[in-house]
Amino acid sequence: MHRNEGITIYDHPNSRSPNSHLGVFVALRLLASAIICIIFLTALAIKASPLLCPELCGREILHNSPRSSPAVILPVSCHSHNDYWRERPLFSALEAGCVGVEADVWAYKDELFVAHGLDTIVPNRTLKSMYLNPLVQQLEGTGTSLSALPATTPRGLYKSRPTQTLVLLVDFKSHPEKTWSLLMRELEPLRRSMLLTSYVSNQKIIRPITVVVTGDIPAHLLNQDESAESRDVFLDAPLSNVHSGLYDAANSHWASMSLTKLVGRVSSSGLSSLQLAKIRSQVQSAHDHGLKVRFWKLPTWPIGLRNKIWASLREEGVDILNTDDLQNAANALREDAAS
């Protein structure tokens with residue numbers, strides 16, 4: 001509508017400037033190009049690095065198999081932190097020779113899903129499909145029935161050291177009692193095949209897989225009177241509280257804590273003598289109770305500082321090196337063993 005010298009003129013509703021049509025067309029073309037570009041870049045990023053979206057890439061990841069047999073690998077004391085984030089969960093850790101892998105689990109719809117958060121679970125990424133079944137398949141090897149072997153026969157994942165156990169660290173993220181019940185159900189086939197480390201009649205019997213739980217665990221697991229007579233799931237004891245007397249080899253396997261929480265900030269020159277003394281004291285306390293020590297939340301950068309801290313922890317008797325960089329950690333441990 002236009003007003004000109006008191007006269008009102010109404011435009012026809014379909015009358016548009018040719019330039020307006022051209023502008024709409026150009027805008028739509030630009031929008032379409034932007035969408036195509038975003039889709040292409042997203043696909044490229046996912047293909048280049050599945051670690052950017054481990055839950056989204058679940059189906060592809062789960063179909064991986066070992067590139068080399070653990071039979072020819074010498075195990076070393078490294079632990080695969082948040083193992084399920086890797087492009088090839090479990091298998092990358094086995095190929096590096098790690099003796100521990102970690103999985104965060106969520107109880108949902110009568111299953112234990114492996115994910116960093118409840119909002120990122122994917123149907124086929126369960127504790128059973130990602131860890132328990134592949135571990136049994138690895139141990140079965142050529143099809144030999146594990147249940148037919150004598151219980152005393154060493155039969156671990158690493159044939160170069162058949163007595164070496166693999167710790168499956170299960171981090172409870174929700175519903176402690178329900179998660180515990182589901183875990184007991186999922187472990188039953190491994191229990192029947194005598195694959196699980198157990199504590200029976202005041203003796204710890206080390207077997208191919210040692211299940212250790214941490215996180216939001218049920219309170220009854222701390223009651224030794226109820227659970228110490230026969231146990232095949234162990235606690236990751238809080239290292240700072242080992243001296244309380246609540247934790248020992250009967251109910252726990254590892255003792256862990258954040259390195260930063262224990263020693264505070266680490267300077268660029270490495271751990272100070274006071275910080276090393278704190279570590280030494282905690283390590284001694286855990287060892288006195290028959291537990292192996294693991295620190296998490298280690299500095300990862302710069303690389304030189306990280307390597308220096310790794311070396312200091314090993315010198316102080318820390319048993320398990322918690323790491324995201326599996327191959328470099330394994331190489332460092334092997335170099336130490338050779339020197």
# chains A, B, ... in the order shown; residues from 1 in each chain; ligands from 1
call {"tool": "residues_around", "arguments": {"residues": "A:Thr197", "least_positions_apart": "3", "cutoff": "9 Å", "atoms": "only C-alpha atoms", "output": "PyMOL selection string"}}
result
chain A and resi 165+194+204-211+231-233
call {"tool": "write_last_selection", "arguments": {"atoms": "C-alpha atoms", "output": "PDB file, in the first residue's frame"}}
result
ATOM      1  CA  THR A 165      45.191 -61.533  34.952  1.00  0.00           C
ATOM      2  CA  MET A 194      36.123 -70.464  36.406  1.00  0.00           C
ATOM      3  CA  LYS A 204      42.870 -65.185  46.698  1.00  0.00           C
ATOM      4  CA  ILE A 205      42.943 -67.294  43.547  1.00  0.00           C
ATOM      5  CA  ILE A 206      44.112 -65.299  40.524  1.00  0.00           C
ATOM      6  CA  ARG A 207      42.399 -66.266  37.271  1.00  0.00           C
ATOM      7  CA  PRO A 208      42.326 -64.775  33.736  1.00  0.00           C
ATOM      8  CA  ILE A 209      39.867 -61.956  34.525  1.00  0.00           C
ATOM      9  CA  THR A 210      39.690 -59.912  37.715  1.00  0.00           C
ATOM     10  CA  VAL A 211      36.534 -57.825  38.003  1.00  0.00           C
ATOM     11  CA  ARG A 231      33.926 -63.263  46.393  1.00  0.00           C
ATOM     12  CA  ASP A 232      34.726 -62.826  42.699  1.00  0.00           C
ATOM     13  CA  VAL A 233      34.113 -59.096  42.351  1.00  0.00           C
TER      14      VAL A 233
END
call {"tool": "residues_around", "arguments": {"residues": "A:Trp310", "least_positions_apart": "2", "cutoff": "9 Å", "atoms": "only C-alpha atoms", "output": "PyMOL selection string"}}
result
chain A and resi 298+305-308+312-315+321+329+332
call {"tool": "closest_residue", "arguments": {"among": "A:Ala96, A:Leu195, A:Leu182, A:Val318", "to": "A:Tyr108", "atoms": "only C-alpha atoms"}}
result
A:Leu182
call {"tool": "atom_distance", "arguments": {"atom1": "atom CA of A:Val242", "atom2": "atom CA of A:Trp296"}}
result
16.5 Å
call {"tool": "select_by_dssp", "arguments": {"residues": "stretch 79-273 of chain A", "states": "strand (DSSP E or B)", "output": "PyMOL selection string"}}
result
chain A and resi 79-80+100-108+111-114+126+166-172+196+198-200+203-205+209-215+230-231+233-238+252-258+267+270
call {"tool": "write_last_selection", "arguments": {"atoms": "N, CA and C atoms", "output": "short mmCIF file (atom, residue, chain, number, x, y, z; two decimals), in the first residue's frame"}}
result
data_model
loop_
_atom_site.label_atom_id
_atom_site.label_comp_id
_atom_site.auth_asym_id
_atom_site.auth_seq_id
_atom_site.Cartn_x
_atom_site.Cartn_y
_atom_site.Cartn_z
N HIS A 79 47.08 -49.41 32.40
CA HIS A 79 45.62 -49.51 32.47
C HIS A 79 45.00 -48.55 31.46
N SER A 80 44.09 -49.06 30.64
CA SER A 80 43.45 -48.26 29.60
C SER A 80 42.30 -47.45 30.18
N GLY A 100 44.83 -53.83 32.35
CA GLY A 100 43.58 -53.30 32.88
C GLY A 100 42.84 -52.50 31.82
N VAL A 101 41.51 -52.61 31.81
CA VAL A 101 40.66 -51.80 30.94
C VAL A 101 39.50 -51.29 31.78
N GLU A 102 38.96 -50.14 31.39
CA GLU A 102 37.95 -49.46 32.20
C GLU A 102 36.69 -49.21 31.39
N ALA A 103 35.54 -49.49 32.00
CA ALA A 103 34.26 -49.26 31.34
C ALA A 103 33.27 -48.63 32.31
N ASP A 104 32.68 -47.50 31.92
CA ASP A 104 31.60 -46.87 32.69
C ASP A 104 30.30 -47.55 32.30
N VAL A 105 29.51 -47.98 33.28
CA VAL A 105 28.27 -48.70 32.95
C VAL A 105 27.05 -48.01 33.55
N TRP A 106 25.95 -48.10 32.80
CA TRP A 106 24.67 -47.53 33.19
C TRP A 106 23.61 -48.63 33.13
N ALA A 107 22.87 -48.79 34.21
CA ALA A 107 21.77 -49.76 34.23
C ALA A 107 20.55 -49.12 33.58
N TYR A 108 20.13 -49.71 32.45
CA TYR A 108 19.00 -49.14 31.71
C TYR A 108 18.29 -50.26 30.96
N GLU A 111 19.70 -53.85 31.09
CA GLU A 111 21.00 -54.08 30.47
C GLU A 111 22.02 -53.14 31.09
N LEU A 112 23.29 -53.52 31.00
CA LEU A 112 24.38 -52.65 31.42
C LEU A 112 25.01 -52.06 30.16
N PHE A 113 24.73 -50.79 29.93
CA PHE A 113 25.26 -50.10 28.76
C PHE A 113 26.57 -49.41 29.12
N VAL A 114 27.49 -49.40 28.17
CA VAL A 114 28.79 -48.76 28.35
C VAL A 114 28.75 -47.40 27.65
N THR A 126 27.04 -52.66 25.04
CA THR A 126 26.80 -53.15 26.39
C THR A 126 28.08 -53.77 26.94
N LEU A 166 43.77 -60.02 33.71
CA LEU A 166 43.35 -58.74 33.15
C LEU A 166 42.27 -58.16 34.06
N VAL A 167 42.50 -56.95 34.55
CA VAL A 167 41.51 -56.30 35.40
C VAL A 167 40.47 -55.60 34.53
N LEU A 168 39.21 -55.95 34.73
CA LEU A 168 38.10 -55.25 34.11
C LEU A 168 37.52 -54.32 35.17
N LEU A 169 37.84 -53.03 35.05
CA LEU A 169 37.39 -52.04 36.03
C LEU A 169 36.02 -51.52 35.58
N VAL A 170 35.00 -51.84 36.35
CA VAL A 170 33.63 -51.46 36.02
C VAL A 170 33.21 -50.31 36.92
N ASP A 171 32.96 -49.16 36.30
CA ASP A 171 32.61 -47.95 37.04
C ASP A 171 31.09 -47.79 37.05
N PHE A 172 30.47 -47.98 38.22
CA PHE A 172 29.02 -47.86 38.36
C PHE A 172 28.62 -46.39 38.25
N LEU A 196 37.07 -66.15 36.63
CA LEU A 196 37.14 -64.97 37.48
C LEU A 196 38.02 -65.19 38.70
N SER A 198 38.99 -65.06 42.37
CA SER A 198 38.07 -65.20 43.50
C SER A 198 38.82 -65.26 44.82
N TYR A 199 38.09 -64.96 45.87
CA TYR A 199 38.63 -65.06 47.22
C TYR A 199 37.79 -66.09 47.96
N VAL A 200 38.41 -67.22 48.26
CA VAL A 200 37.70 -68.33 48.88
C VAL A 200 38.54 -68.89 50.02
N GLN A 203 41.81 -67.24 50.86
CA GLN A 203 42.85 -67.31 49.84
C GLN A 203 42.35 -66.65 48.55
N LYS A 204 43.21 -65.83 47.96
CA LYS A 204 42.87 -65.18 46.70
C LYS A 204 43.44 -66.02 45.56
N ILE A 205 42.55 -66.46 44.68
CA ILE A 205 42.94 -67.29 43.55
C ILE A 205 42.88 -66.43 42.29
N ILE A 209 40.54 -63.25 34.46
CA ILE A 209 39.87 -61.96 34.53
C ILE A 209 39.59 -61.61 35.98
N THR A 210 39.98 -60.41 36.37
CA THR A 210 39.69 -59.91 37.72
C THR A 210 38.74 -58.73 37.58
N VAL A 211 37.54 -58.88 38.09
CA VAL A 211 36.53 -57.82 38.00
C VAL A 211 36.65 -56.93 39.23
N VAL A 212 36.85 -55.64 38.97
CA VAL A 212 36.98 -54.65 40.04
C VAL A 212 35.92 -53.58 39.80
N VAL A 213 35.22 -53.19 40.87
CA VAL A 213 34.16 -52.19 40.72
C VAL A 213 34.53 -50.91 41.46
N THR A 214 34.05 -49.81 40.90
CA THR A 214 34.29 -48.50 41.49
C THR A 214 33.08 -47.63 41.21
N GLY A 215 33.10 -46.40 41.70
CA GLY A 215 31.99 -45.49 41.44
C GLY A 215 30.89 -45.60 42.47
N SER A 230 33.37 -65.82 50.17
CA SER A 230 33.47 -66.17 48.75
C SER A 230 33.14 -64.93 47.94
N ARG A 231 34.10 -64.50 47.15
CA ARG A 231 33.93 -63.26 46.39
C ARG A 231 34.65 -63.38 45.06
N VAL A 233 34.12 -60.49 42.79
CA VAL A 233 34.11 -59.10 42.35
C VAL A 233 34.74 -58.28 43.47
N PHE A 234 35.72 -57.45 43.12
CA PHE A 234 36.50 -56.75 44.14
C PHE A 234 36.35 -55.24 44.01
N LEU A 235 36.74 -54.55 45.07
CA LEU A 235 36.62 -53.10 45.11
C LEU A 235 37.91 -52.43 44.63
N ASP A 236 37.73 -51.24 44.09
CA ASP A 236 38.85 -50.34 43.85
C ASP A 236 38.87 -49.41 45.07
N ALA A 237 39.67 -49.77 46.05
CA ALA A 237 39.64 -49.07 47.34
C ALA A 237 40.13 -47.63 47.20
N PRO A 238 39.55 -46.71 47.97
CA PRO A 238 40.07 -45.33 47.98
C PRO A 238 41.43 -45.31 48.66
N SER A 252 39.19 -56.16 48.19
CA SER A 252 39.66 -55.18 47.21
C SER A 252 40.82 -55.76 46.40
N HIS A 253 41.10 -55.11 45.28
CA HIS A 253 42.22 -55.55 44.44
C HIS A 253 43.18 -54.41 44.17
N TRP A 254 42.63 -53.24 43.86
CA TRP A 254 43.42 -52.04 43.65
C TRP A 254 43.08 -51.02 44.74
N ALA A 255 43.98 -50.04 44.89
CA ALA A 255 43.71 -48.86 45.71
C ALA A 255 44.08 -47.66 44.84
N SER A 256 43.12 -46.77 44.61
CA SER A 256 43.32 -45.70 43.64
C SER A 256 42.91 -44.35 44.20
N MET A 257 43.47 -43.30 43.59
CA MET A 257 43.02 -41.95 43.87
C MET A 257 43.61 -41.00 42.84
N SER A 258 43.10 -39.77 42.84
CA SER A 258 43.62 -38.74 41.95
C SER A 258 44.99 -38.28 42.42
N SER A 267 54.68 -29.01 39.35
CA SER A 267 55.41 -27.97 38.61
C SER A 267 56.02 -28.55 37.35
N GLY A 270 58.64 -31.28 37.62
CA GLY A 270 58.28 -32.61 38.10
C GLY A 270 57.84 -32.60 39.55
#
